[in-house]
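Containing mmCIF, C-alpha atoms and all ligand atoms: structure_24.cif.
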data_upload
#
loop_
_atom_site.label_atom_id
_atom_site.label_comp_id
_atom_site.auth_asym_id
_atom_site.auth_seq_id
_atom_site.Cartn_x
_atom_site.Cartn_y
_atom_site.Cartn_z
CA MET A 23 -17.48 -1.27 10.32
CA ASN A 24 -19.61 -3.97 11.80
CA ARG A 25 -19.21 -7.50 10.51
CA PHE A 26 -15.95 -9.21 11.33
CA LEU A 27 -14.43 -9.85 7.91
CA TRP A 28 -13.67 -13.49 7.24
CA GLY A 29 -11.98 -13.65 3.91
CA VAL A 30 -9.46 -15.13 1.59
CA ALA A 31 -6.82 -13.15 -0.28
CA THR A 32 -5.38 -13.45 -3.79
CA SER A 33 -3.51 -11.25 -6.24
CA ALA A 34 -4.29 -10.95 -9.93
CA PHE A 35 -0.88 -11.78 -11.35
CA GLN A 36 -0.44 -14.84 -9.15
CA LEU A 37 -3.68 -16.33 -10.48
CA GLU A 38 -3.93 -15.06 -14.01
CA GLY A 39 -0.50 -13.83 -15.17
CA SER A 40 -0.41 -11.02 -17.72
CA PRO A 41 1.22 -10.69 -21.13
CA TYR A 42 2.22 -7.09 -20.33
CA ALA A 43 3.77 -7.29 -16.87
CA ASP A 44 7.41 -6.95 -15.83
CA TRP A 45 7.33 -10.32 -14.00
CA THR A 46 6.23 -12.21 -17.14
CA SER A 47 9.69 -12.21 -18.63
CA TRP A 48 11.43 -12.38 -15.24
CA ASP A 49 10.76 -16.00 -14.51
CA ASP A 50 11.05 -19.13 -16.67
CA VAL A 51 8.09 -20.77 -14.94
CA LEU A 52 5.82 -18.30 -16.65
CA ASN A 53 7.01 -19.15 -20.16
CA GLY A 54 5.46 -22.56 -19.68
CA LYS A 55 2.45 -21.29 -17.75
CA PRO A 56 1.78 -17.65 -18.70
CA ASP A 57 -1.82 -17.73 -17.52
CA VAL A 58 -1.00 -19.67 -14.33
CA THR A 59 -4.41 -20.94 -13.10
CA ASN A 60 -6.26 -19.21 -15.95
CA HIS A 61 -8.35 -17.38 -13.38
CA TYR A 62 -8.80 -14.53 -15.87
CA ALA A 63 -11.11 -16.81 -17.83
CA LEU A 64 -12.32 -19.00 -14.98
CA TYR A 65 -13.12 -16.21 -12.51
CA LYS A 66 -16.83 -17.00 -12.34
CA GLN A 67 -16.30 -20.53 -11.19
CA ASP A 68 -13.62 -19.37 -8.75
CA LEU A 69 -15.95 -16.79 -7.25
CA LEU A 70 -18.41 -19.58 -6.58
CA LEU A 71 -15.78 -21.18 -4.38
CA LEU A 72 -16.05 -18.14 -2.13
CA LYS A 73 -19.73 -18.89 -1.65
CA ASP A 74 -18.95 -22.51 -0.89
CA LEU A 75 -16.46 -21.44 1.73
CA GLY A 76 -18.91 -19.05 3.33
CA VAL A 77 -16.50 -16.11 3.52
CA ASN A 78 -18.01 -12.63 3.77
CA ALA A 79 -15.01 -10.81 2.26
CA TYR A 80 -12.58 -11.28 -0.59
CA ARG A 81 -9.29 -9.50 -1.13
CA PHE A 82 -8.06 -9.44 -4.72
CA SER A 83 -6.01 -7.13 -6.92
CA VAL A 84 -6.48 -5.45 -10.26
CA GLU A 85 -3.65 -6.05 -12.71
CA TRP A 86 -2.35 -2.65 -13.79
CA SER A 87 -0.57 -4.09 -16.84
CA ARG A 88 -3.80 -5.54 -18.23
CA ILE A 89 -5.67 -2.28 -17.69
CA GLN A 90 -2.91 -0.10 -19.14
CA PRO A 91 -0.88 -2.38 -21.41
CA ARG A 92 0.82 0.61 -23.08
CA GLU A 93 1.44 4.04 -21.67
CA ASN A 94 -1.28 5.64 -23.75
CA ALA A 95 -3.63 2.73 -24.14
CA TRP A 96 -6.34 1.71 -21.72
CA ASP A 97 -8.05 -1.63 -22.08
CA HIS A 98 -11.63 -0.95 -21.07
CA ARG A 99 -12.53 -4.62 -21.28
CA ALA A 100 -10.02 -5.30 -18.54
CA ILE A 101 -11.59 -2.60 -16.37
CA ASP A 102 -15.02 -4.11 -17.06
CA HIS A 103 -13.67 -7.50 -16.11
CA TYR A 104 -12.66 -6.33 -12.64
CA ARG A 105 -15.86 -4.32 -12.32
CA GLU A 106 -17.80 -7.49 -12.97
CA ILE A 107 -15.92 -9.27 -10.21
CA VAL A 108 -16.89 -6.48 -7.81
CA ASP A 109 -20.53 -6.72 -8.92
CA ILE A 110 -20.65 -10.48 -8.45
CA LEU A 111 -19.18 -10.13 -4.97
CA LEU A 112 -21.64 -7.43 -3.98
CA GLU A 113 -24.58 -9.42 -5.31
CA ASN A 114 -23.49 -12.27 -3.10
CA GLY A 115 -23.02 -10.20 0.02
CA ILE A 116 -19.22 -10.56 -0.09
CA GLU A 117 -17.25 -7.43 0.80
CA PRO A 118 -14.63 -6.69 -1.87
CA MET A 119 -11.22 -5.49 -0.74
CA VAL A 120 -9.25 -4.24 -3.74
CA THR A 121 -5.47 -4.04 -3.90
CA LEU A 122 -4.31 -1.51 -6.47
CA HIS A 123 -0.68 -2.57 -6.58
CA HIS A 124 0.50 -6.08 -5.78
CA PHE A 125 4.16 -6.30 -6.87
CA THR A 126 3.71 -6.23 -10.67
CA HIS A 127 3.97 -3.34 -13.14
CA PRO A 128 3.29 -2.79 -16.81
CA LEU A 129 6.53 -3.36 -18.71
CA TRP A 130 6.51 0.21 -20.09
CA PHE A 131 6.40 1.59 -16.53
CA ALA A 132 9.15 -0.72 -15.30
CA LYS A 133 11.39 0.24 -18.23
CA ARG A 134 10.84 3.97 -18.36
CA TYR A 135 9.58 5.14 -14.98
CA PRO A 136 10.76 2.74 -12.26
CA TRP A 137 9.88 3.72 -8.71
CA HIS A 138 13.19 5.40 -7.98
CA GLU A 139 12.35 8.05 -10.61
CA ASP A 140 10.05 10.74 -9.23
CA VAL A 141 7.89 10.71 -12.39
CA SER A 142 6.72 7.23 -11.35
CA VAL A 143 4.26 8.80 -8.92
CA GLY A 144 2.28 10.64 -11.61
CA LYS A 145 2.26 7.60 -13.87
CA PHE A 146 0.83 5.37 -11.15
CA LEU A 147 -1.77 7.95 -10.19
CA ARG A 148 -3.14 8.09 -13.74
CA PHE A 149 -3.93 4.42 -13.32
CA VAL A 150 -5.50 4.99 -9.91
CA GLU A 151 -7.65 7.81 -11.32
CA LYS A 152 -8.88 5.50 -14.03
CA VAL A 153 -9.64 2.44 -12.00
CA VAL A 154 -11.01 3.78 -8.71
CA PRO A 155 -14.13 5.49 -10.15
CA ALA A 156 -14.87 2.37 -12.19
CA LEU A 157 -15.12 0.10 -9.16
CA LYS A 158 -18.31 1.34 -7.59
CA GLY A 159 -19.37 -0.22 -4.32
CA VAL A 160 -15.84 -1.03 -3.14
CA ARG A 161 -15.23 0.23 0.39
CA TYR A 162 -11.97 -1.46 1.34
CA TRP A 163 -8.84 -0.49 -0.56
CA ILE A 164 -5.20 -1.40 -0.28
CA THR A 165 -2.99 0.95 -2.23
CA PHE A 166 0.23 -1.09 -2.03
CA ASN A 167 0.87 -4.63 -1.00
CA GLU A 168 4.03 -4.92 1.10
CA PRO A 169 5.96 -1.85 -0.01
CA TYR A 170 9.00 -2.95 2.02
CA VAL A 171 9.13 -6.40 0.42
CA LEU A 172 8.84 -4.79 -3.00
CA VAL A 173 11.77 -2.50 -2.31
CA LEU A 174 13.96 -4.93 -0.34
CA ALA A 175 13.66 -7.66 -2.95
CA GLY A 176 13.68 -5.37 -5.98
CA TYR A 177 16.34 -2.85 -4.93
CA PHE A 178 18.45 -4.29 -2.10
CA GLU A 179 18.61 -8.00 -2.94
CA GLY A 180 17.84 -7.46 -6.61
CA CYS A 181 16.13 -10.86 -6.78
CA THR A 182 12.82 -9.50 -8.14
CA PRO A 183 12.07 -6.78 -10.72
CA PRO A 184 13.56 -4.26 -11.27
CA GLY A 185 16.55 -6.34 -10.12
CA ILE A 186 18.67 -3.42 -8.94
CA ARG A 187 21.14 -3.65 -6.06
CA ASN A 188 21.38 -0.13 -4.84
CA SER A 189 20.07 0.85 -1.45
CA SER A 190 19.92 4.63 -2.09
CA LEU A 191 17.76 4.03 -5.15
CA GLY A 192 15.72 1.66 -3.00
CA ILE A 193 15.05 4.36 -0.44
CA ARG A 194 14.03 6.78 -3.19
CA ALA A 195 11.71 4.13 -4.57
CA LEU A 196 10.18 3.59 -1.14
CA ARG A 197 9.64 7.30 -0.74
CA ASN A 198 7.89 7.56 -4.10
CA ILE A 199 5.70 4.59 -3.26
CA LEU A 200 4.63 6.19 0.01
CA VAL A 201 3.99 9.53 -1.71
CA SER A 202 1.82 7.62 -4.19
CA HIS A 203 -0.05 6.01 -1.32
CA ALA A 204 -0.83 9.44 0.13
CA HIS A 205 -2.16 10.74 -3.20
CA ALA A 206 -4.14 7.57 -3.84
CA TYR A 207 -5.63 7.89 -0.34
CA SER A 208 -7.00 11.36 -1.16
CA LEU A 209 -8.14 10.27 -4.59
CA ILE A 210 -10.12 7.34 -3.25
CA HIS A 211 -11.72 9.47 -0.56
CA GLY A 212 -12.57 12.11 -3.16
CA GLU A 213 -14.25 9.52 -5.34
CA HIS A 214 -16.00 7.45 -2.68
CA PRO A 215 -16.34 9.97 0.12
CA ALA A 216 -18.75 8.36 2.53
CA ASP A 217 -17.28 5.12 3.60
CA SER A 218 -14.05 4.21 1.88
CA ARG A 219 -11.38 2.61 4.04
CA VAL A 220 -7.86 2.77 2.78
CA SER A 221 -4.63 1.15 3.94
CA VAL A 222 -1.49 -0.56 2.77
CA ALA A 223 -0.82 -4.24 3.51
CA HIS A 224 2.39 -4.32 5.53
CA ASN A 225 4.35 -7.53 5.87
CA MET A 226 5.34 -7.92 9.51
CA ALA A 227 7.43 -10.76 10.90
CA ALA A 228 8.57 -11.84 14.32
CA LEU A 229 12.31 -11.11 14.36
CA ALA A 230 14.54 -12.68 16.98
CA PRO A 231 18.26 -13.08 17.69
CA TRP A 232 19.77 -16.41 16.63
CA HIS A 233 21.62 -16.68 19.95
CA ARG A 234 20.09 -14.69 22.76
CA TRP A 235 23.44 -14.61 24.59
CA ASN A 236 25.15 -12.92 21.67
CA PRO A 237 24.89 -9.13 21.92
CA PHE A 238 25.57 -8.70 18.18
CA ASP A 239 22.68 -10.97 17.27
CA THR A 240 20.44 -9.15 19.72
CA LEU A 241 21.43 -5.79 18.32
CA LEU A 242 20.83 -6.94 14.76
CA ALA A 243 17.41 -8.32 15.59
CA ARG A 244 16.50 -5.05 17.26
CA ILE A 245 17.64 -2.97 14.27
CA ALA A 246 15.84 -5.30 11.86
CA LYS A 247 12.66 -5.21 13.90
CA TYR A 248 12.66 -1.45 13.90
CA PHE A 249 13.32 -1.16 10.19
CA TYR A 250 11.15 -4.00 8.87
CA ASN A 251 8.16 -3.85 11.18
CA HIS A 252 8.09 -0.51 12.89
CA SER A 253 9.59 2.28 10.78
CA LEU A 254 6.56 2.34 8.48
CA LEU A 255 4.20 2.61 11.44
CA ASP A 256 6.20 5.50 12.85
CA ALA A 257 6.13 7.18 9.45
CA PHE A 258 2.32 6.95 9.43
CA LEU A 259 2.29 8.51 12.89
CA THR A 260 4.90 11.24 12.40
CA GLY A 261 5.41 11.82 8.68
CA ILE A 262 9.10 10.93 9.06
CA LEU A 263 10.57 7.68 7.79
CA ARG A 264 13.68 6.69 9.73
CA ILE A 265 15.88 4.15 8.05
CA THR A 266 18.45 2.40 10.20
CA PHE A 267 20.79 -0.23 8.85
CA PRO A 268 23.54 -1.98 10.78
CA PHE A 269 26.78 0.01 10.79
CA LYS A 270 25.24 2.92 8.88
CA LYS A 271 24.11 6.37 9.88
CA GLU A 272 20.37 6.75 10.28
CA THR A 273 18.58 8.46 7.38
CA ALA A 274 15.38 10.36 8.03
CA ILE A 275 13.13 11.40 5.18
CA GLU A 276 9.85 13.20 5.11
CA VAL A 277 6.90 11.29 3.74
CA PRO A 278 3.45 12.90 3.56
CA ILE A 279 1.57 9.94 4.99
CA ARG A 280 0.31 11.17 8.35
CA ASN A 281 -3.43 10.54 8.68
CA THR A 282 -3.61 8.43 5.55
CA LEU A 283 -4.85 5.20 7.13
CA ASP A 284 -8.43 4.21 7.89
CA TYR A 285 -7.40 0.77 9.05
CA PHE A 286 -4.12 -1.09 8.94
CA GLY A 287 -3.52 -4.25 6.90
CA VAL A 288 -1.06 -6.72 8.42
CA ASN A 289 0.35 -9.64 6.45
CA TYR A 290 1.86 -12.12 8.88
CA TYR A 291 3.43 -15.50 8.18
CA THR A 292 6.47 -16.35 10.29
CA ARG A 293 9.44 -15.65 12.53
CA VAL A 294 12.98 -15.04 11.31
CA HIS A 295 16.17 -15.44 13.34
CA MET A 296 19.04 -13.06 12.76
CA ARG A 297 22.71 -13.43 13.40
CA PHE A 298 25.79 -11.36 12.92
CA ASN A 299 28.02 -12.78 10.20
CA PRO A 300 30.87 -10.53 9.04
CA PHE A 301 30.96 -12.30 5.65
CA ARG A 302 27.40 -11.29 4.76
CA LYS A 303 26.04 -8.02 3.38
CA MET A 304 25.77 -5.56 6.29
CA GLY A 305 26.83 -8.45 8.54
CA VAL A 306 23.35 -9.97 8.52
CA GLU A 307 22.48 -13.64 8.22
CA MET A 308 18.86 -14.72 8.47
CA ARG A 309 17.35 -18.14 8.93
CA HIS A 310 14.10 -19.86 9.82
CA ARG A 311 14.58 -22.28 12.67
CA ASP A 312 12.08 -24.70 14.11
CA ILE A 313 12.75 -23.86 17.72
CA ASP A 314 9.35 -24.37 19.36
CA GLY A 315 8.38 -27.49 17.44
CA GLY A 316 5.79 -25.70 15.29
CA GLY A 317 7.55 -27.05 12.21
CA LEU A 318 8.61 -25.43 8.96
CA THR A 319 6.37 -24.91 5.93
CA ASP A 320 7.19 -25.81 2.32
CA MET A 321 8.58 -22.28 2.02
CA GLY A 322 10.97 -23.19 4.82
CA TRP A 323 9.19 -20.70 7.08
CA GLU A 324 8.78 -21.35 10.80
CA VAL A 325 5.22 -21.80 12.07
CA TYR A 326 5.07 -19.31 14.91
CA PRO A 327 1.56 -18.11 15.78
CA LYS A 328 2.74 -16.16 18.84
CA GLY A 329 4.43 -13.75 16.47
CA LEU A 330 1.04 -12.67 15.19
CA GLU A 331 0.17 -11.42 18.64
CA LYS A 332 3.44 -9.51 18.87
CA VAL A 333 2.94 -7.70 15.59
CA LEU A 334 -0.74 -6.96 16.24
CA ARG A 335 0.10 -5.53 19.63
CA TYR A 336 2.65 -3.29 18.08
CA ALA A 337 0.42 -2.26 15.18
CA SER A 338 -2.32 -1.32 17.62
CA LYS A 339 -0.33 1.78 18.51
CA LEU A 340 -1.55 3.23 15.21
CA ASN A 341 -4.98 3.57 16.80
CA VAL A 342 -6.88 2.40 13.76
CA PRO A 343 -8.68 -0.94 13.32
CA LEU A 344 -6.40 -3.78 12.26
CA ILE A 345 -7.14 -6.36 9.60
CA ILE A 346 -4.99 -9.41 8.94
CA THR A 347 -4.86 -9.04 5.19
CA GLU A 348 -2.79 -12.23 4.70
CA ASN A 349 -1.89 -15.27 6.74
CA GLY A 350 -1.31 -18.72 5.36
CA ILE A 351 0.88 -21.76 4.90
CA ALA A 352 2.42 -23.52 1.92
CA THR A 353 2.02 -27.24 2.40
CA ARG A 354 0.49 -30.25 0.70
CA ASP A 355 -0.44 -31.60 4.11
CA CYS A 356 -4.00 -30.60 4.94
CA GLN A 357 -3.66 -31.39 8.62
CA LYS A 358 -0.76 -28.96 8.83
CA LYS A 359 -2.78 -26.32 7.03
CA ILE A 360 -5.72 -26.77 9.37
CA HIS A 361 -3.49 -26.63 12.40
CA TYR A 362 -1.83 -23.45 11.15
CA MET A 363 -5.16 -21.74 10.53
CA ARG A 364 -6.62 -22.77 13.84
CA ARG A 365 -3.62 -21.65 15.86
CA HIS A 366 -3.47 -18.27 14.14
CA VAL A 367 -7.20 -17.64 14.49
CA ASP A 368 -6.87 -18.54 18.18
CA VAL A 369 -4.32 -15.78 18.47
CA VAL A 370 -6.63 -13.33 16.71
CA GLU A 371 -9.39 -14.15 19.19
CA LYS A 372 -7.05 -13.76 22.13
CA CYS A 373 -5.94 -10.36 20.86
CA ILE A 374 -9.55 -9.24 20.51
CA ARG A 375 -10.29 -10.43 24.04
CA ASP A 376 -7.30 -8.41 25.20
CA GLY A 377 -8.81 -5.31 23.67
CA ILE A 378 -6.91 -5.06 20.37
CA ASP A 379 -9.22 -3.80 17.67
CA VAL A 380 -8.93 -6.53 15.03
CA ARG A 381 -11.70 -6.46 12.43
CA GLY A 382 -10.85 -9.15 9.94
CA TYR A 383 -8.82 -12.19 8.94
CA PHE A 384 -7.95 -13.13 5.34
CA TYR A 385 -6.43 -16.51 4.65
CA TRP A 386 -3.82 -16.61 1.87
CA SER A 387 -4.95 -18.09 -0.46
CA LEU A 388 -8.15 -19.23 -2.14
CA ILE A 389 -6.53 -21.53 -4.68
CA ASP A 390 -2.94 -22.63 -5.33
CA ASN A 391 -1.16 -20.08 -7.46
CA TYR A 392 2.14 -18.70 -8.69
CA GLU A 393 4.30 -18.03 -5.68
CA TRP A 394 6.85 -15.58 -7.10
CA LEU A 395 10.36 -16.96 -6.57
CA GLN A 396 9.00 -20.41 -5.59
CA GLY A 397 6.98 -20.84 -8.77
CA LEU A 398 4.13 -23.33 -8.68
CA ASP A 399 5.40 -25.63 -5.95
CA ALA A 400 4.28 -23.68 -2.90
CA ARG A 401 0.74 -24.82 -2.21
CA PHE A 402 -1.02 -22.12 -0.23
CA GLY A 403 -4.51 -22.83 -1.59
CA LEU A 404 -7.61 -23.99 0.24
CA TYR A 405 -8.43 -25.46 -3.15
CA ARG A 406 -5.67 -27.46 -4.80
CA VAL A 407 -5.02 -26.63 -8.44
CA ASP A 408 -3.97 -29.33 -10.86
CA PHE A 409 -1.80 -27.14 -13.09
CA LYS A 410 -2.19 -29.56 -16.02
CA THR A 411 -5.97 -29.79 -16.12
CA LEU A 412 -6.61 -26.55 -14.21
CA GLU A 413 -9.07 -28.39 -12.05
CA ARG A 414 -9.76 -26.85 -8.63
CA ILE A 415 -9.94 -29.57 -6.00
CA PRO A 416 -11.50 -28.87 -2.60
CA THR A 417 -9.34 -29.89 0.35
CA ASN A 418 -10.13 -30.64 3.96
CA ALA A 419 -8.58 -27.32 4.78
CA ALA A 420 -11.32 -25.57 2.79
CA ALA A 421 -13.97 -27.49 4.71
CA TYR A 422 -12.20 -26.63 7.93
CA TYR A 423 -12.08 -22.93 7.12
CA SER A 424 -15.84 -22.92 6.48
CA TYR A 425 -16.36 -24.62 9.80
CA LEU A 426 -14.03 -22.17 11.53
CA ILE A 427 -15.93 -19.21 10.14
CA LYS A 428 -19.26 -20.60 11.30
CA SER A 429 -18.10 -21.68 14.70
CA ARG A 430 -16.15 -18.54 15.58
CA SER A 431 -18.26 -15.86 13.96
CA SER A 432 -20.56 -15.31 16.91
CA GLY A 433 -17.74 -14.18 19.15
CA LEU A 434 -16.26 -11.86 16.58
CA ALA A 435 -19.32 -10.16 15.17
CA GLU A 436 -20.08 -6.56 16.00
CA ASN A 437 -17.22 -4.23 16.85
C1 LIG B 501 3.17 -12.38 0.62
C2 LIG B 501 2.69 -11.81 -0.70
C3 LIG B 501 1.72 -12.69 -1.41
C4 LIG B 501 2.08 -14.15 -1.32
C5 LIG B 501 2.41 -14.55 0.10
C6 LIG B 501 2.78 -15.98 0.28
O1 LIG B 501 4.35 -11.77 1.01
O2 LIG B 501 2.04 -10.59 -0.47
O3 LIG B 501 1.64 -12.24 -2.74
O4 LIG B 501 3.07 -14.45 -2.20
O5 LIG B 501 3.45 -13.75 0.57
#
If you convert what's in this file into structure tokens, what do you get?
Ligand code: FCB
Amino acid sequence: MNRFLWGVATSAFQLEGSPYADWTSWDDVLNGKPDVTNHYALYKQDLLLLKDLGVNAYRFSVEWSRIQPRENAWDHRAIDHYREIVDILLENGIEPMVTLHHFTHPLWFAKRYPWHEDVSVGKFLRFVEKVVPALKGVRYWITFNEPYVLVLAGYFEGCTPPGIRNSSLGIRALRNILVSHAHAYSLIHGEHPADSRVSVAHNMAALAPWHRWNPFDTLLARIAKYFYNHSLLDAFLTGILRITFPFKKETAIEVPIRNTLDYFGVNYYTRVHMRFNPFRKMGVEMRHRDIDGGGLTDMGWEVYPKGLEKVLRYASKLNVPLIITENGIATRDCQKKIHYMRRHVDVVEKCIRDGIDVRGYFYWSLIDNYEWLQGLDARFGLYRVDFKTLERIPTNAAAYYSYLIKSRSSGLAEN
């Protein structure tokens, strides 16, 4: 690895939708806007935006449900489509980083082989076997985006597909996802032996007690921090996943993921405060609070750049290079967006100066897109999208990011 990767991140479904995905029928927003930004057709013009920005890397995902719309049907045009994106990036000197799984599934998979069924692993790997050899020239891979978010929202809260509220099934699902990661890791290295770099993208947050003087809040924050941020890291180091929930016995399960990371992808956005509330599930209440005056974003998330340092420091114990695979802010206010970016990149630079091996920063996101439970209102894009005309409109934040890349690159070049 040599160049510091300055990138932007997207995911296929959030930009292009898919007629065959589980999320398509999950959310009313998508009945009115099934193709979201119509990136599937407009990808060439969107890739030009990357050139305008001056990024040297681009993280995007391939939409499994377009590639395998039915269990026994592969759409080769869809594979070619993603292959073409890779080719365009390579021709332009932009490093592709491909996410294989970013929250969505083909409907047939979701209905018949959801992640809590052990057969899910084999079904997912058939897709990986098909797509990985087709994407020649890709070095950076992310097998799963935010496995914990997928399982917590889909199996504990039940607010996203598959919409189940059952924590034991959730833990089985998480195990199968991690087993799939391990197999996909070997598969990718088998196919692209020389220089492939594989990771997951793990969502990490700063987690703090609501009231520092309250021992229950402090205990909750500590348990949450271990589970949400750290248990996955420990599982990569030891092969054992320890799940601790408040007022429950610890569960330890074996997961074959030791030595299956070439770098570690960190998605960081915010800090969350926790408090003990006996009327809530497991006694946990969570809230974003604007304590340090950093403000809240349109997602209601606290702007807390210091948290990025905390999570990077912790992740550095994995002893692999770190890449910030997502960091961004939903706001229509460009000044706020610029401020957010600058303060987080400052933290990245400080961490590098302190000896933490950070090799890249990807801003989420290139253009406004479909933000899951928030629909089309959360504006993360460097380019604004007019969802009626589909026009992409450059913002000052885009200009600022280009400037940031140019002005900071010298200090962050060779590692
Ligand atoms: C992350 C997701 C990404 C996007 C951002 C805002 O958790 O990985 O798809 O929605 O949040």
Given a cut-off of 10 Å, what residues near ligand LIG 501 (chain B) show up using only C-alpha atoms and all ligand atoms, put as a PyMOL selection string? chain A and resi 31-36+124-125+166-169+171-172+223-226+289-291+321+347-352+386-387+391-397+400-402
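When only C-alpha atoms are used to compute distances to A:Ile199, the closest of the residues A:Ile279, A:Leu72, A:Leu388, A:Ala230 turns out to be A:Ile279.
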What is the distance between atom CA of A:Arg134 and atom CA of A:Val154, in Å to one decimal?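 About the pair atom CA of A:Arg134 and atom CA of A:Val154: they are 23.9 Å apart.
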Can you list every residue of stretch 27-47 of chain A that has an atom at most 12 Å from stretch 94-115 of chain A, with its nearest atom pair and the distance in Å to one decimal, using only C-alpha atoms, ordered by chain then number, as a Markdown table?
| residue | atom | partner | partner_atom | distance |
| --- | --- | --- | --- | --- |
| A:Leu27 | CA | A:Gly115 | CA | 11.7 |
| A:Gly29 | CA | A:Leu111 | CA | 12.0 |
| A:Ala34 | CA | A:Tyr104 | CA | 9.9 |
| A:Ser40 | CA | A:Ala100 | CA | 11.2 |
| A:Tyr42 | CA | A:Asp97 | CA | 11.8 |
Nearest to A:Ile374 among A:Ala63, A:Trp163, A:Phe26, A:Ala204, with distances taken over all atoms listed in the file: which residue is it?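 Closest residue, counting all atoms listed in the file: A:Phe26.
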Quick check, in Å to one decimal: how far apart do atom CA of A:Val380 and atom CA of A:Asn251 lie?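 So the answer is 17.7 Å.
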For stretch 410-417 of chain A, list every protein, DNA or RNA residue within 12 Å, evaluated using all atoms listed in the file, and leave out those in the same chain fewer than 2 positions away; present the list as a PyMOL selection string. chain A and resi 37-38+54-55+57-61+63-65+67-72+74-75+353-357+359-360+388-391+398+401-408+419-424
Smallest atom-to-atom distance to A:Ala79: which of A:Tyr383, A:Arg280, A:Met363, A:Thr260, using all atoms listed in the file?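 Of A:Tyr383, A:Arg280, A:Met363, A:Thr260, the one nearest A:Ala79 is A:Tyr383, counting all atoms listed in the file.
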Gap from atom CA of A:Met304 to atom CA of A:Phe249 - Å, one decimal: 13.8 Å
